[in-house]
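Worksheet for the structure shown next.
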Number of protein chains: 2
Amino acid sequence: MCPDSVEPSRAEARRAQILAAAGDCFRKHGFHGASIAQISKTAGMSPGHIYHYFENKEAIISAIVARDLERFLTLTAEIRSACNVREAMLARVAEGIDECLDQATAGLKLEIVAEASRNPHVAEIVHEADRLCRESFALTMRDMRRASGHQDDDQTIDAMVEVAIAMFEGLQIRTIRNPGLDRGLVSRLFQGALRDLFDQPA
Amino acid sequence: MCPDSVEPSRAEARRAQILAAAGDCFRKHGFHGASIAQISKTAGMSPGHIYHYFENKEAIISAIVARDLERFLTLTAEIRSACNVREAMLARVAEGIDECLDQATAGLKLEIVAEASRNPHVAEIVHEADRLCRESFALTMRDMRRASGHQDDDQTIDAMVEVAIAMFEGLQIRTIRNPGLDRGLVSRLFQGALRDLFDQPA
DNA sequence: CATTCTAGATCGAACGCTCATTCTATGTTA
DNA sequence: TAACATAGAATGAGCGTTCGATCTAGAATG
């Protein structure tokens, strides 16, 4: 009755349900450690039913990465369309730091990166997601730098983007390896380090 | 004939052999994806024989983490005993960046952190390893800062250590998510960012 | 020196279990 | 009724682990 484009169809809802359950299970047991039986129980359906919506286990992984990418692209688009890009960026930096310091979020992200380091299908989609992320980040960074009177070549901008993203992603590892870290202090110093990076002379 | 303390006994050699093979397999297939059969084939021995040296699969993981910790502690001890700590540190920073940018090394490290985010036994040994690492790093950092005329309280030093380590560990994720990055450029900007962090006013 | 002894090293088959996936049957809805 | 949603048992492969048998090299013995 309802075409898929109008509202989330039953199928869409079931897919989201499976993705949410799978995310939980992957977080808790890892990609290979989480079983279809576990995921299906968490999602409240039979194991066989999952195969009506996903070809196999790997397809679930890919769908999670794709969903996260979509969310990230929406977010970056919002930042870039703000009237004051710099302020929007700095505000988002604070939010991003908190997000990276959340153990559950960080755990799943690390699980995905680890899987990308060995699974070519996951690697492909992760690389593409990262490329889009860097692209958007670089555009924003270039605008900010120009407004501050700096003229950088593309290579330099790209390198700065790498350093900035590395800081965020590094926090994800820190929150796992040192769960007792002083989040307030780290967040403050971190924002300072990023601002220094943004404003450094060419 | 030879007591264990004199030279690596046959048993020690076998253990190292298994650890090396397991490292390869974990890198390629992940902790749960790598089977004892695979590891034993890589190590050139029978599956059953592995159980003469390790209680179970998890013990192999723990032993790898313990081995890496030992290596790291040796390294940091060397830095701290150098006559010019700052120079030793900066030299080590360059080496460390290259190491983090190596995909094989980074892949295994990420695998270990991901496992630590869900396996309490692995988490325990990783947290302890990280604590020792931070301790040594903080001492070195404090000496450096004092020589530059800065007086920082412990909290500030700890936070700076977190930021510095986060940068290194972030690079491990970058090299997986963006394998085509310009390593020379990133390395240069990265060393600059770390030097700025080291020298920033209190 | 030759032989026997023995304890550890090593093997590989076997076990019980769980996995991802498939398939058939049943329920539901328009 | 036709098409889809869902269930859950069945399957065959592969898993971690165990275990008894065999091999080997050095110590002990004569």
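Letters A, B, ... mark the chains of the structure tokens in the order given; residue numbers begin at 1 per chain; ligand numbers begin at 1, in order shown.
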For stretch 184-199 of chain A: contacts at 7 Å, only C-alpha atoms (C1' of nucleotides), fewer than 6 positions along chain excluded, given as a PDB file with N, CA, C and O atoms, in the first residue's frame:
```pdb
ATOM      1  N   ILE A  97      34.107  15.677  20.680  1.00  0.00           N
ATOM      2  CA  ILE A  97      35.000  15.159  21.715  1.00  0.00           C
ATOM      3  C   ILE A  97      34.215  14.299  22.708  1.00  0.00           C
ATOM      4  O   ILE A  97      34.623  13.196  23.059  1.00  0.00           O
ATOM      5  N   ALA A 164      43.787  16.770  12.444  1.00  0.00           N
ATOM      6  CA  ALA A 164      42.595  17.049  13.253  1.00  0.00           C
ATOM      7  C   ALA A 164      41.773  15.773  13.455  1.00  0.00           C
ATOM      8  O   ALA A 164      41.370  15.447  14.579  1.00  0.00           O
TER       9      ALA A 164
ATOM     10  N   ALA B 159      46.889  15.559  31.438  1.00  0.00           N
ATOM     11  CA  ALA B 159      46.037  15.871  30.294  1.00  0.00           C
ATOM     12  C   ALA B 159      46.871  16.025  29.025  1.00  0.00           C
ATOM     13  O   ALA B 159      46.485  15.567  27.944  1.00  0.00           O
ATOM     14  N   VAL B 163      46.630  13.942  25.466  1.00  0.00           N
ATOM     15  CA  VAL B 163      46.519  14.519  24.125  1.00  0.00           C
ATOM     16  C   VAL B 163      47.624  13.979  23.210  1.00  0.00           C
ATOM     17  O   VAL B 163      47.375  13.580  22.073  1.00  0.00           O
TER      18      VAL B 163
END
```
Show me, as CSV, the residues of chain A having an atom within 6 Å of chain B, each with the closest atom pair and its distance in Å, using only C-alpha atoms.
```
residue,atom,partner,partner_atom,distance
A:Lys28,CA,B:Arg118,CA,5.7
A:His32,CA,B:His32,CA,5.6
A:Gly33,CA,B:His32,CA,5.8
A:Gly107,CA,B:Ser117,CA,5.8
A:Leu110,CA,B:Ala114,CA,5.7
A:Glu111,CA,B:Ala114,CA,5.6
A:Ala114,CA,B:Glu111,CA,5.6
A:Ser117,CA,B:Gly107,CA,5.8
A:Arg118,CA,B:Lys28,CA,5.6
A:His127,CA,B:Arg177,CA,5.4
A:Ala159,CA,B:Val186,CA,5.2
A:Ala166,CA,B:Gly170,CA,4.2
A:Met167,CA,B:Met167,CA,5.1
A:Glu169,CA,B:Gly170,CA,4.9
A:Gly170,CA,B:Gly170,CA,3.5
A:Leu171,CA,B:Ala166,CA,5.4
A:Ile176,CA,B:Ser117,CA,6.0
A:Arg177,CA,B:His127,CA,5.5
A:Val186,CA,B:Ala159,CA,5.3
```
Mind writing the picked residues with N, CA and C atoms as a JSON list (two decimals), in the first residue's frame?
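Dumped everything to again_26.json:
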```
[["chain", "number", "residue", "atom", "x", "y", "z"],
["A", 28, "LYS", "N", 29.45, -5.69, 21.94],
["A", 28, "LYS", "CA", 29.70, -6.56, 23.10],
["A", 28, "LYS", "C", 30.61, -7.74, 22.79],
["A", 32, "HIS", "N", 33.03, -11.19, 14.69],
["A", 32, "HIS", "CA", 33.01, -12.65, 14.57],
["A", 32, "HIS", "C", 32.45, -13.31, 15.82],
["A", 33, "GLY", "N", 32.60, -12.63, 16.93],
["A", 33, "GLY", "CA", 32.11, -13.20, 18.18],
["A", 33, "GLY", "C", 30.60, -13.13, 18.33],
["A", 107, "GLY", "N", 33.79, 1.94, 21.15],
["A", 107, "GLY", "CA", 33.99, 0.50, 20.97],
["A", 107, "GLY", "C", 33.52, 0.01, 19.61],
["A", 110, "LEU", "N", 35.77, 1.35, 16.80],
["A", 110, "LEU", "CA", 37.03, 0.62, 16.73],
["A", 110, "LEU", "C", 36.82, -0.75, 16.11],
["A", 111, "GLU", "N", 35.73, -1.37, 16.46],
["A", 111, "GLU", "CA", 35.42, -2.68, 15.90],
["A", 111, "GLU", "C", 35.32, -2.59, 14.38],
["A", 114, "ALA", "N", 38.82, -2.00, 12.88],
["A", 114, "ALA", "CA", 39.60, -3.24, 12.93],
["A", 114, "ALA", "C", 39.14, -4.18, 11.83],
["A", 117, "SER", "N", 40.45, -3.26, 8.50],
["A", 117, "SER", "CA", 41.87, -3.52, 8.29],
["A", 117, "SER", "C", 42.11, -4.92, 7.72],
["A", 118, "ARG", "N", 41.04, -5.73, 7.60],
["A", 118, "ARG", "CA", 41.25, -7.08, 7.06],
["A", 118, "ARG", "C", 40.17, -7.53, 6.11],
["A", 127, "HIS", "N", 36.77, 3.33, 3.42],
["A", 127, "HIS", "CA", 37.64, 4.28, 2.72],
["A", 127, "HIS", "C", 36.83, 5.37, 2.02],
["A", 159, "ALA", "N", 46.78, 17.79, 4.99],
["A", 159, "ALA", "CA", 47.56, 17.30, 6.12],
["A", 159, "ALA", "C", 46.95, 17.78, 7.44],
["A", 166, "ALA", "N", 42.81, 12.75, 13.19],
["A", 166, "ALA", "CA", 43.58, 11.81, 14.00],
["A", 166, "ALA", "C", 43.38, 12.09, 15.49],
["A", 167, "MET", "N", 43.27, 13.36, 15.85],
["A", 167, "MET", "CA", 43.06, 13.70, 17.26],
["A", 167, "MET", "C", 41.73, 13.14, 17.76],
["A", 169, "GLU", "N", 39.97, 10.66, 16.49],
["A", 169, "GLU", "CA", 39.96, 9.20, 16.50],
["A", 169, "GLU", "C", 40.89, 8.65, 17.58],
["A", 170, "GLY", "N", 41.95, 9.40, 17.87],
["A", 170, "GLY", "CA", 42.83, 8.99, 18.95],
["A", 170, "GLY", "C", 42.09, 8.95, 20.28],
["A", 171, "LEU", "N", 41.19, 9.89, 20.47],
["A", 171, "LEU", "CA", 40.41, 9.92, 21.71],
["A", 171, "LEU", "C", 39.60, 8.65, 21.89],
["A", 176, "ILE", "N", 39.17, 3.88, 25.67],
["A", 176, "ILE", "CA", 39.18, 2.43, 25.92],
["A", 176, "ILE", "C", 40.39, 2.05, 26.75],
["A", 177, "ARG", "N", 41.54, 2.57, 26.37],
["A", 177, "ARG", "CA", 42.77, 2.17, 27.05],
["A", 177, "ARG", "C", 42.89, 2.80, 28.44],
["A", 186, "VAL", "N", 40.76, 16.80, 29.69],
["A", 186, "VAL", "CA", 41.17, 16.40, 28.35],
["A", 186, "VAL", "C", 40.41, 17.20, 27.30]]
```
Quiz item: Out of stretch 15-117 of chain B, which residues get helix (DSSP H, G or I) from DSSP, as a VMD selection string?
Solution: chain B and resid 15 to 29 36 to 43 47 to 50 57 to 80 85 to 100 103 to 116
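Any residue of chain B with an atom no more than 8 Å from chain C counts as a contact; using only C-alpha atoms (C1' of nucleotides), that gives B:Ser46, B:Gly48, B:His49.
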Write out as a tab-separated table the residues of chain B that have any atom within 9 Å of an atom of chain D, one row each with the nearest atom pair and its distance in Å to one decimal, counting only C-alpha atoms (C1' of nucleotides), sorted by chain and then rising number.
```
residue	atom	partner	partner_atom	distance
B:Met1	CA	D:DG26	C1'	8.5
B:Ser35	CA	D:DC15	C1'	7.4
B:Ile36	CA	D:DG16	C1'	7.3
B:Gly48	CA	D:DT17	C1'	8.2
B:Tyr51	CA	D:DT17	C1'	8.5
B:Asn56	CA	D:DG16	C1'	8.2
B:Lys57	CA	D:DG16	C1'	8.0
```
Store the residues picked out above in a file with N, CA, C and O atoms, as a short mmCIF file (atom, residue, chain, number, x, y, z; two decimals), in the first residue's frame.
```
data_model
loop_
_atom_site.label_atom_id
_atom_site.label_comp_id
_atom_site.auth_asym_id
_atom_site.auth_seq_id
_atom_site.Cartn_x
_atom_site.Cartn_y
_atom_site.Cartn_z
N MET B 1 68.75 -29.74 30.34
CA MET B 1 70.18 -29.46 30.46
C MET B 1 70.40 -27.99 30.78
O MET B 1 70.87 -27.61 31.84
N SER B 35 41.48 -19.15 13.79
CA SER B 35 41.26 -20.42 14.48
C SER B 35 42.58 -21.00 14.97
O SER B 35 43.65 -20.70 14.44
N ILE B 36 42.47 -21.86 15.99
CA ILE B 36 43.65 -22.54 16.49
C ILE B 36 44.29 -23.36 15.38
O ILE B 36 45.52 -23.45 15.27
N GLY B 48 46.93 -29.52 18.82
CA GLY B 48 47.01 -29.95 20.21
C GLY B 48 48.25 -29.44 20.92
O GLY B 48 48.23 -29.14 22.11
N TYR B 51 48.36 -26.28 23.09
CA TYR B 51 47.81 -26.34 24.45
C TYR B 51 48.82 -26.82 25.48
O TYR B 51 48.51 -26.91 26.66
N ASN B 56 44.62 -21.64 26.89
CA ASN B 56 43.55 -21.54 25.90
C ASN B 56 43.84 -20.36 24.97
O ASN B 56 44.88 -19.71 25.08
N LYS B 57 42.89 -20.09 24.09
CA LYS B 57 43.11 -19.06 23.08
C LYS B 57 43.29 -17.68 23.72
O LYS B 57 44.10 -16.88 23.29
#
```
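When only C-alpha atoms are used to measure the gap to B:Arg86, the shortest distance among B:Ala11, B:Ile60, B:Met141, B:Ile18 belongs to B:Met141.
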